[in-house]
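S.K.: This one is structure.cif, mmCIF, C-alpha atoms.
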```
data_target
#
loop_
_atom_site.group_PDB
_atom_site.id
_atom_site.type_symbol
_atom_site.label_atom_id
_atom_site.label_comp_id
_atom_site.auth_asym_id
_atom_site.auth_seq_id
_atom_site.Cartn_x
_atom_site.Cartn_y
_atom_site.Cartn_z
ATOM 1 C CA MET S 70 0.000 0.000 0.000
ATOM 2 C CA THR S 71 1.445 3.431 -0.918
ATOM 3 C CA ASN S 72 1.456 6.413 1.413
ATOM 4 C CA SER S 73 -1.308 8.157 -0.546
ATOM 5 C CA GLU S 74 -3.524 5.068 -0.224
ATOM 6 C CA ALA S 75 -2.862 4.911 3.500
ATOM 7 C CA MET S 76 -3.739 8.593 3.889
ATOM 8 C CA ASN S 77 -6.990 8.237 1.913
ATOM 9 C CA LYS S 78 -8.091 5.121 3.773
ATOM 10 C CA LYS S 79 -11.208 5.875 5.800
ATOM 11 C CA PRO S 80 -11.235 4.727 9.420
ATOM 12 C CA LYS S 81 -13.733 2.000 10.239
ATOM 13 C CA SER S 82 -16.936 3.189 11.795
ATOM 14 C CA ARG S 83 -17.829 2.173 15.334
ATOM 15 C CA LEU S 84 -20.717 0.079 13.998
ATOM 16 C CA HIS S 85 -18.415 -1.757 11.579
ATOM 17 C CA ARG S 86 -15.951 -2.528 14.412
ATOM 18 C CA MET S 87 -18.775 -3.740 16.687
ATOM 19 C CA VAL S 88 -20.162 -6.017 13.963
ATOM 20 C CA ASN S 89 -16.682 -7.477 13.411
ATOM 21 C CA ALA S 90 -16.227 -8.007 17.158
ATOM 22 C CA MET S 91 -19.624 -9.705 17.434
ATOM 23 C CA PHE S 92 -18.799 -11.950 14.481
ATOM 24 C CA VAL S 93 -15.499 -13.002 16.060
ATOM 25 C CA ALA S 94 -17.246 -13.614 19.407
ATOM 26 C CA VAL S 95 -19.914 -15.796 17.764
ATOM 27 C CA LEU S 96 -17.247 -17.829 15.968
ATOM 28 C CA MET S 97 -15.276 -18.213 19.202
ATOM 29 C CA LEU S 98 -18.401 -19.441 21.037
ATOM 30 C CA ALA S 99 -19.647 -21.756 18.266
ATOM 31 C CA GLY S 100 -17.080 -24.457 19.020
ATOM 32 C CA PRO S 101 -17.726 -24.677 22.771
ATOM 33 C CA GLY S 102 -21.473 -24.584 22.061
ATOM 34 C CA LEU S 103 -21.235 -27.545 19.682
ATOM 35 C CA MET S 104 -19.034 -29.427 22.147
ATOM 36 C CA ALA S 105 -21.468 -28.862 25.020
ATOM 37 C CA ALA S 106 -24.452 -29.940 22.913
ATOM 38 C CA SER S 107 -22.570 -33.002 21.692
ATOM 39 C CA TYR S 108 -21.532 -34.090 25.174
ATOM 40 C CA GLN S 109 -25.085 -33.657 26.467
ATOM 41 C CA GLN S 110 -26.417 -35.793 23.613
ATOM 42 C CA VAL S 111 -23.745 -38.457 24.160
ATOM 43 C CA ASP S 112 -24.690 -38.543 27.860
ATOM 44 C CA ALA S 113 -28.374 -38.888 26.901
ATOM 45 C CA ASP S 114 -27.491 -41.751 24.529
ATOM 46 C CA GLU S 115 -25.485 -43.482 27.264
ATOM 47 C CA GLU S 116 -28.395 -43.059 29.666
ATOM 48 C CA LEU S 117 -30.742 -44.520 27.040
ATOM 49 C CA ALA S 118 -28.377 -47.465 26.578
ATOM 50 C CA ARG S 119 -28.458 -48.124 30.359
ATOM 51 C CA THR S 120 -32.159 -47.605 31.017
ATOM 52 C CA GLY S 121 -33.882 -48.196 27.665
ATOM 53 C CA VAL S 122 -35.779 -51.252 26.532
ATOM 54 C CA GLN S 123 -33.316 -53.567 24.795
ATOM 55 C CA VAL S 124 -34.380 -55.577 21.760
ATOM 56 C CA SER S 125 -32.649 -57.444 19.002
ATOM 57 C CA GLY S 126 -32.301 -55.684 15.671
ATOM 58 C CA THR S 127 -31.045 -56.601 12.230
ATOM 59 C CA ILE S 128 -28.551 -54.585 10.197
ATOM 60 C CA THR S 129 -30.352 -53.738 6.977
ATOM 61 C CA TYR S 130 -27.769 -51.360 5.479
ATOM 62 C CA PHE S 131 -24.035 -50.863 5.871
ATOM 63 C CA SER S 132 -22.136 -48.067 4.152
ATOM 64 C CA ASP S 133 -18.471 -49.089 4.047
ATOM 65 C CA ALA S 134 -17.126 -45.785 2.774
ATOM 66 C CA ARG S 135 -13.467 -44.803 2.927
ATOM 67 C CA LYS S 136 -14.265 -41.590 4.820
ATOM 68 C CA ALA S 137 -14.773 -42.346 8.505
ATOM 69 C CA SER S 138 -17.652 -39.865 8.754
ATOM 70 C CA ASN S 139 -19.572 -41.763 6.029
ATOM 71 C CA ARG S 140 -19.356 -45.245 7.567
ATOM 72 C CA ASP S 141 -22.700 -46.082 9.120
ATOM 73 C CA ILE S 142 -25.319 -48.764 9.572
ATOM 74 C CA THR S 143 -29.089 -48.838 9.587
ATOM 75 C CA VAL S 144 -30.703 -51.292 11.960
ATOM 76 C CA GLU S 145 -34.324 -52.458 11.854
ATOM 77 C CA TYR S 146 -35.929 -53.276 15.195
ATOM 78 C CA VAL S 147 -39.440 -53.975 16.401
ATOM 79 C CA ALA S 148 -40.624 -52.065 19.477
ATOM 80 C CA ALA S 149 -43.122 -53.368 22.054
ATOM 81 C CA ASP S 150 -46.001 -51.859 20.038
ATOM 82 C CA GLY S 151 -45.159 -54.217 17.128
ATOM 83 C CA VAL S 152 -44.090 -51.450 14.727
ATOM 84 C CA SER S 153 -40.820 -51.824 12.804
ATOM 85 C CA ARG S 154 -38.498 -48.894 13.239
ATOM 86 C CA TYR S 155 -34.983 -47.980 12.123
ATOM 87 C CA ALA S 156 -31.961 -46.675 13.996
ATOM 88 C CA ASN S 157 -28.737 -45.374 12.503
ATOM 89 C CA ALA S 158 -25.255 -45.525 13.998
ATOM 90 C CA PRO S 159 -21.781 -44.504 12.834
ATOM 91 C CA VAL S 160 -19.291 -47.336 12.396
ATOM 92 C CA ASP S 161 -15.657 -47.216 13.490
ATOM 93 C CA HIS S 162 -13.005 -48.476 11.046
ATOM 94 C CA GLU S 163 -12.192 -51.354 13.400
ATOM 95 C CA GLN S 164 -15.788 -52.579 13.187
ATOM 96 C CA HIS S 165 -16.849 -54.754 10.251
ATOM 97 C CA PRO S 166 -20.602 -55.373 10.457
ATOM 98 C CA SER S 167 -22.498 -57.136 7.732
ATOM 99 C CA VAL S 168 -26.047 -56.850 6.471
ATOM 100 C CA GLY S 169 -28.269 -59.380 8.225
ATOM 101 C CA GLU S 170 -26.159 -59.414 11.397
ATOM 102 C CA GLN S 171 -28.047 -59.250 14.704
ATOM 103 C CA VAL S 172 -27.288 -56.330 17.076
ATOM 104 C CA THR S 173 -28.877 -54.965 20.232
ATOM 105 C CA VAL S 174 -30.921 -51.777 20.129
ATOM 106 C CA ALA S 175 -32.028 -49.803 23.204
ATOM 107 C CA TYR S 176 -35.033 -47.525 22.779
ATOM 108 C CA ARG S 177 -37.017 -45.200 25.027
ATOM 109 C CA GLU S 178 -40.229 -46.917 26.098
ATOM 110 C CA GLN S 179 -42.275 -43.682 25.886
ATOM 111 C CA ASP S 180 -40.799 -42.797 22.481
ATOM 112 C CA PRO S 181 -39.634 -45.871 20.535
ATOM 113 C CA GLU S 182 -38.256 -43.638 17.763
ATOM 114 C CA GLN S 183 -35.420 -42.605 20.105
ATOM 115 C CA ALA S 184 -32.984 -45.489 19.906
ATOM 116 C CA VAL S 185 -29.291 -46.283 20.066
ATOM 117 C CA VAL S 186 -27.460 -49.264 18.650
ATOM 118 C CA LEU S 187 -25.375 -50.775 21.438
ATOM 119 C CA GLY S 188 -21.709 -51.321 20.649
ATOM 120 C CA TYR S 189 -21.602 -48.509 18.101
ATOM 121 C CA GLU S 190 -20.780 -44.831 18.442
ATOM 122 C CA SER S 191 -23.300 -42.123 19.154
ATOM 123 C CA ASN S 192 -24.293 -39.928 16.220
ATOM 124 C CA SER S 193 -23.372 -36.904 18.351
ATOM 125 C CA GLU S 194 -19.686 -37.718 18.823
ATOM 126 C CA PHE S 195 -18.914 -36.188 15.419
ATOM 127 C CA LEU S 196 -20.261 -32.801 16.582
ATOM 128 C CA GLY S 197 -17.922 -32.872 19.572
ATOM 129 C CA GLY S 198 -14.942 -33.261 17.250
ATOM 130 C CA VAL S 199 -16.131 -30.458 15.004
ATOM 131 C CA GLY S 200 -16.675 -28.271 18.064
ATOM 132 C CA LEU S 201 -13.159 -28.997 19.295
ATOM 133 C CA ILE S 202 -11.663 -28.037 15.938
ATOM 134 C CA LEU S 203 -13.752 -24.858 15.729
ATOM 135 C CA THR S 204 -12.760 -23.946 19.278
ATOM 136 C CA ALA S 205 -9.070 -24.428 18.567
ATOM 137 C CA VAL S 206 -9.111 -22.515 15.282
ATOM 138 C CA PHE S 207 -11.374 -19.592 16.125
ATOM 139 C CA THR S 208 -10.157 -19.087 19.687
ATOM 140 C CA THR S 209 -6.585 -18.963 18.405
ATOM 141 C CA LEU S 210 -7.555 -16.529 15.637
ATOM 142 C CA GLY S 211 -9.580 -14.424 18.062
ATOM 143 C CA LEU S 212 -6.697 -14.222 20.522
ATOM 144 C CA ILE S 213 -4.288 -13.291 17.727
ATOM 145 C CA LEU S 214 -6.639 -10.498 16.616
ATOM 146 C CA ILE S 215 -7.063 -9.219 20.177
ATOM 147 C CA VAL S 216 -3.331 -9.262 20.945
ATOM 148 C CA SER S 217 -2.420 -7.598 17.638
ATOM 149 C CA ARG S 218 -5.038 -4.914 18.240
ATOM 150 C CA LEU S 219 -3.723 -4.227 21.745
ATOM 151 C CA ARG S 220 -0.140 -4.065 20.472
ATOM 152 C CA ARG S 221 -1.182 -1.675 17.693
ATOM 153 C CA ARG S 222 -2.974 0.582 20.209
ATOM 154 C CA ARG S 223 0.048 0.594 22.522
ATOM 155 C CA ARG S 224 2.402 1.377 19.606
ATOM 156 C CA ASN S 225 0.132 4.236 18.423
ATOM 157 C CA LYS S 226 -0.094 5.579 21.965
ATOM 158 C CA VAL S 227 3.716 5.626 22.287
ATOM 159 C CA ARG S 228 4.074 7.331 18.904
ATOM 160 C CA SER S 229 1.500 9.986 19.729
ATOM 161 C CA SER S 230 3.118 10.713 23.095
ATOM 162 C CA ASN S 231 6.535 10.982 21.402
ATOM 163 C CA VAL S 232 5.134 13.452 18.851
ATOM 164 C CA ARG S 233 3.514 15.547 21.616
ATOM 165 C CA SER S 234 6.709 15.606 23.660
ATOM 166 C CA GLY S 235 8.781 16.577 20.632
ATOM 167 C CA ARG S 236 10.658 13.296 20.366
ATOM 168 C CA ALA S 237 9.480 12.206 16.938
ATOM 169 C CA GLU S 238 10.903 8.924 15.689
ATOM 170 C CA LEU S 239 13.368 9.137 12.874
#
```
Kindly transcribe the structure held in the file into structure tokens.
M.R.:
Amino acid sequence: MTNSEAMNKKPKSRLHRMVNAMFVAVLMLAGPGLMAASYQQVDADEELARTGVQVSGTITYFSDARKASNRDITVEYVAADGVSRYANAPVDHEQHPSVGEQVTVAYREQDPEQAVVLGYESNSEFLGGVGLILTAVFTTLGLILIVSRLRRRRRNKVRSSNVRSGRAEL
């Protein structure tokens, strides 16, 4: 940037700075929010696995994709009301299920649609990982922005006091 461009550059308005600060704050809080929601859902799934009605289910679909986030199974189970329902679960790379295999499903007695497949991950664990990554990235970026802003303010304050006292930098 040339000196004439720097001189003609308009300072950011207070509203523009506040919007930027709010945006950074939202991004910094998104990760911890996702992590908290994920951990609550994982706890709810673990509680359902302990206290839910357990029935046998059959794997009706298995996606053996190369991407870990795309490996999942669909399990058909019959609840106490006699209605067939389906539950989905992510599959770890160490697990090798096959269609037709029998697994155990735990479902909430009051709401048979809420079910977890025992021995497989919770669908919410992925969100916890995403939240952790977002937290690491945006908190680091936010801290870098805050520190650089504080350093810039301190440097400008020193320069302005040097100019006022007659000790201009050469």
S.K.: May I have the residues within 7 Å of region 163-168 of chain S as a PyMOL selection string, using all atoms listed in the file and disregarding those fewer than 4 positions away in the same chain?
M.R.: chain S and resi 128-131
S.K.: Tell me, in Å to one decimal, how far CA of Thr204 (chain S) is from CA of Arg86 (chain S).
M.R.: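 Between these atoms lies a distance of 22.2 Å.
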S.K.: Looking at only C-alpha atoms, which of S:Ala118, S:Leu96, S:Val199, S:Val147 is the one that sits closest to Glu182 (chain S)?
M.R.: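 Nearest candidate to Glu182 (chain S) out of S:Ala118, S:Leu96, S:Val199, S:Val147: S:Val147.
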S.K.: How far is it from CA of Gly200 (chain S) to CA of Tyr108 (chain S), in Å with one decimal?
M.R.: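 Value for the CA of Gly200 (chain S)-CA of Tyr108 (chain S) distance: 10.4 Å.
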S.K.: Counting only C-alpha atoms, figure out which residue out of S:Leu196, S:Val144, S:Ala184, S:Leu210 gets nearest to Glu116 (chain S).
M.R.: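 That would be S:Ala184, the residue with the smallest distance to Glu116 (chain S).
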S.K.: Just say which residues the PyMOL selection byres ((chain S and resi 176) around 8) picks in this file, as a ChimeraX atom specification.
M.R.: /S:117-118,121-123,148,174-175,177-178,180-185
S.K.: Write out as a PyMOL selection string each polymer residue whose atoms come within 10 Å of region 212-219 of chain S, counting all atoms listed in the file; drop sequence neighbours fewer than 4 positions from it.
M.R.: chain S and resi 90+93+97+207-208+223-225
S.K.: Given the file shown, determine the residues that the PyMOL selection byres ((chain S and resi 111) around 10) selects; report them as a ChimeraX atom specification.
M.R.: /S:105-110,112-117,190-194,197
S.K.: Compare S:Val186, S:Lys226, S:Leu103, S:Phe195 by their minimum atom-to-atom distance to Asn139 (chain S), counting only C-alpha atoms, and give me the closest one.
M.R.: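 Ranking S:Val186, S:Lys226, S:Leu103, S:Phe195 by distance to Asn139 (chain S), first place goes to S:Phe195.
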S.K.: To box region 102-117 of chain S, take all atoms listed in the file, fit an axis-aligned box, add 4 Å on each side, and give centre and edge lengths in Å to one decimal, as JSON.
M.R.:
```
{"center_x": -24.9, "center_y": -34.6, "center_z": 24.7, "size_x": 19.7, "size_y": 27.9, "size_z": 18.0}
```
S.K.: With all atoms listed in the file as the atoms that count, which of S:Arg222, S:Ala99, S:Ser82, S:Pro159 lies nearest to Leu201 (chain S)?
M.R.: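 Selected residue with least distance to Leu201 (chain S): S:Ala99.
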S.K.: By how many Å are CA of Val206 (chain S) and CA of Pro101 (chain S) apart?
M.R.: 11.6 Å
S.K.: Hey, which of S:Ser125, S:Asn231, S:Thr120, S:Ser153 ends up closest to Thr173 (chain S)? Count all atoms listed in the file.
M.R.: S:Ser125
S.K.: Taking only C-alpha atoms into account, name the residue in S:Met104, S:Asn157, S:Arg220, S:Thr143 that is nearest to Ala205 (chain S).
M.R.: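 The answer is S:Met104, which sits nearest to Ala205 (chain S).
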S.K.: Please, can region 126-137 of chain S be completed to all heavy atoms and returned as a short mmCIF file (atom, residue, chain, number, x, y, z; two decimals), in the frame of the given file?
M.R.:
```cif
data_model
loop_
_atom_site.label_atom_id
_atom_site.label_comp_id
_atom_site.auth_asym_id
_atom_site.auth_seq_id
_atom_site.Cartn_x
_atom_site.Cartn_y
_atom_site.Cartn_z
N GLY S 126 -32.05 -56.34 16.95
CA GLY S 126 -32.30 -55.68 15.67
C GLY S 126 -31.45 -56.31 14.60
O GLY S 126 -30.48 -57.03 14.89
N THR S 127 -31.77 -56.04 13.37
CA THR S 127 -31.04 -56.60 12.23
C THR S 127 -30.46 -55.46 11.40
O THR S 127 -31.17 -54.51 11.05
CB THR S 127 -31.99 -57.44 11.35
OG1 THR S 127 -32.62 -58.42 12.16
CG2 THR S 127 -31.25 -58.11 10.22
N ILE S 128 -29.19 -55.59 11.05
CA ILE S 128 -28.55 -54.58 10.20
C ILE S 128 -29.12 -54.74 8.80
O ILE S 128 -29.03 -55.82 8.19
CB ILE S 128 -27.02 -54.75 10.19
CG1 ILE S 128 -26.46 -54.51 11.59
CG2 ILE S 128 -26.38 -53.80 9.17
CD1 ILE S 128 -24.97 -54.76 11.72
N THR S 129 -29.74 -53.69 8.31
CA THR S 129 -30.35 -53.74 6.98
C THR S 129 -29.53 -52.98 5.94
O THR S 129 -29.74 -53.15 4.74
CB THR S 129 -31.77 -53.13 7.00
OG1 THR S 129 -31.70 -51.79 7.46
CG2 THR S 129 -32.68 -53.97 7.89
N TYR S 130 -28.58 -52.15 6.40
CA TYR S 130 -27.77 -51.36 5.48
C TYR S 130 -26.44 -51.08 6.14
O TYR S 130 -26.38 -50.77 7.33
CB TYR S 130 -28.48 -50.05 5.13
CG TYR S 130 -27.64 -49.11 4.30
CD1 TYR S 130 -27.48 -49.32 2.93
CD2 TYR S 130 -27.00 -48.02 4.88
CE1 TYR S 130 -26.70 -48.47 2.17
CE2 TYR S 130 -26.23 -47.17 4.12
CZ TYR S 130 -26.07 -47.40 2.76
OH TYR S 130 -25.30 -46.56 2.02
N PHE S 131 -25.37 -51.20 5.38
CA PHE S 131 -24.04 -50.86 5.87
C PHE S 131 -23.30 -50.11 4.79
O PHE S 131 -23.10 -50.62 3.69
CB PHE S 131 -23.26 -52.12 6.27
CG PHE S 131 -21.81 -51.87 6.59
CD1 PHE S 131 -21.42 -50.83 7.42
CD2 PHE S 131 -20.83 -52.69 6.06
CE1 PHE S 131 -20.09 -50.60 7.72
CE2 PHE S 131 -19.49 -52.47 6.36
CZ PHE S 131 -19.13 -51.43 7.19
N SER S 132 -22.91 -48.88 5.08
CA SER S 132 -22.14 -48.07 4.15
C SER S 132 -20.67 -48.18 4.56
O SER S 132 -20.26 -47.64 5.58
CB SER S 132 -22.59 -46.61 4.21
OG SER S 132 -21.71 -45.80 3.45
N ASP S 133 -19.89 -48.88 3.75
CA ASP S 133 -18.47 -49.09 4.05
C ASP S 133 -17.62 -48.10 3.25
O ASP S 133 -16.80 -48.49 2.42
CB ASP S 133 -18.09 -50.54 3.71
CG ASP S 133 -16.72 -50.90 4.27
OD1 ASP S 133 -16.20 -50.15 5.11
OD2 ASP S 133 -16.18 -51.95 3.85
N ALA S 134 -17.84 -46.84 3.50
CA ALA S 134 -17.13 -45.78 2.77
C ALA S 134 -15.70 -45.64 3.30
O ALA S 134 -15.38 -46.06 4.41
CB ALA S 134 -17.87 -44.47 2.92
N ARG S 135 -14.85 -45.03 2.50
CA ARG S 135 -13.47 -44.80 2.93
C ARG S 135 -13.39 -43.70 3.96
O ARG S 135 -12.55 -43.74 4.85
CB ARG S 135 -12.61 -44.45 1.72
CG ARG S 135 -12.46 -45.64 0.77
CD ARG S 135 -11.56 -45.33 -0.36
NE ARG S 135 -10.19 -45.29 0.15
CZ ARG S 135 -9.16 -44.92 -0.57
NH1 ARG S 135 -9.33 -44.56 -1.81
NH2 ARG S 135 -7.95 -44.90 -0.05
N LYS S 136 -14.25 -42.68 3.84
CA LYS S 136 -14.26 -41.59 4.82
C LYS S 136 -14.93 -42.08 6.10
O LYS S 136 -16.02 -42.64 6.07
CB LYS S 136 -15.04 -40.39 4.29
CG LYS S 136 -14.22 -39.45 3.45
CD LYS S 136 -15.04 -38.32 2.91
CE LYS S 136 -15.35 -37.29 3.95
NZ LYS S 136 -16.04 -36.13 3.39
N ALA S 137 -14.25 -41.87 7.23
CA ALA S 137 -14.77 -42.35 8.51
C ALA S 137 -16.14 -41.75 8.82
O ALA S 137 -17.00 -42.42 9.39
CB ALA S 137 -13.79 -42.02 9.63
#
```
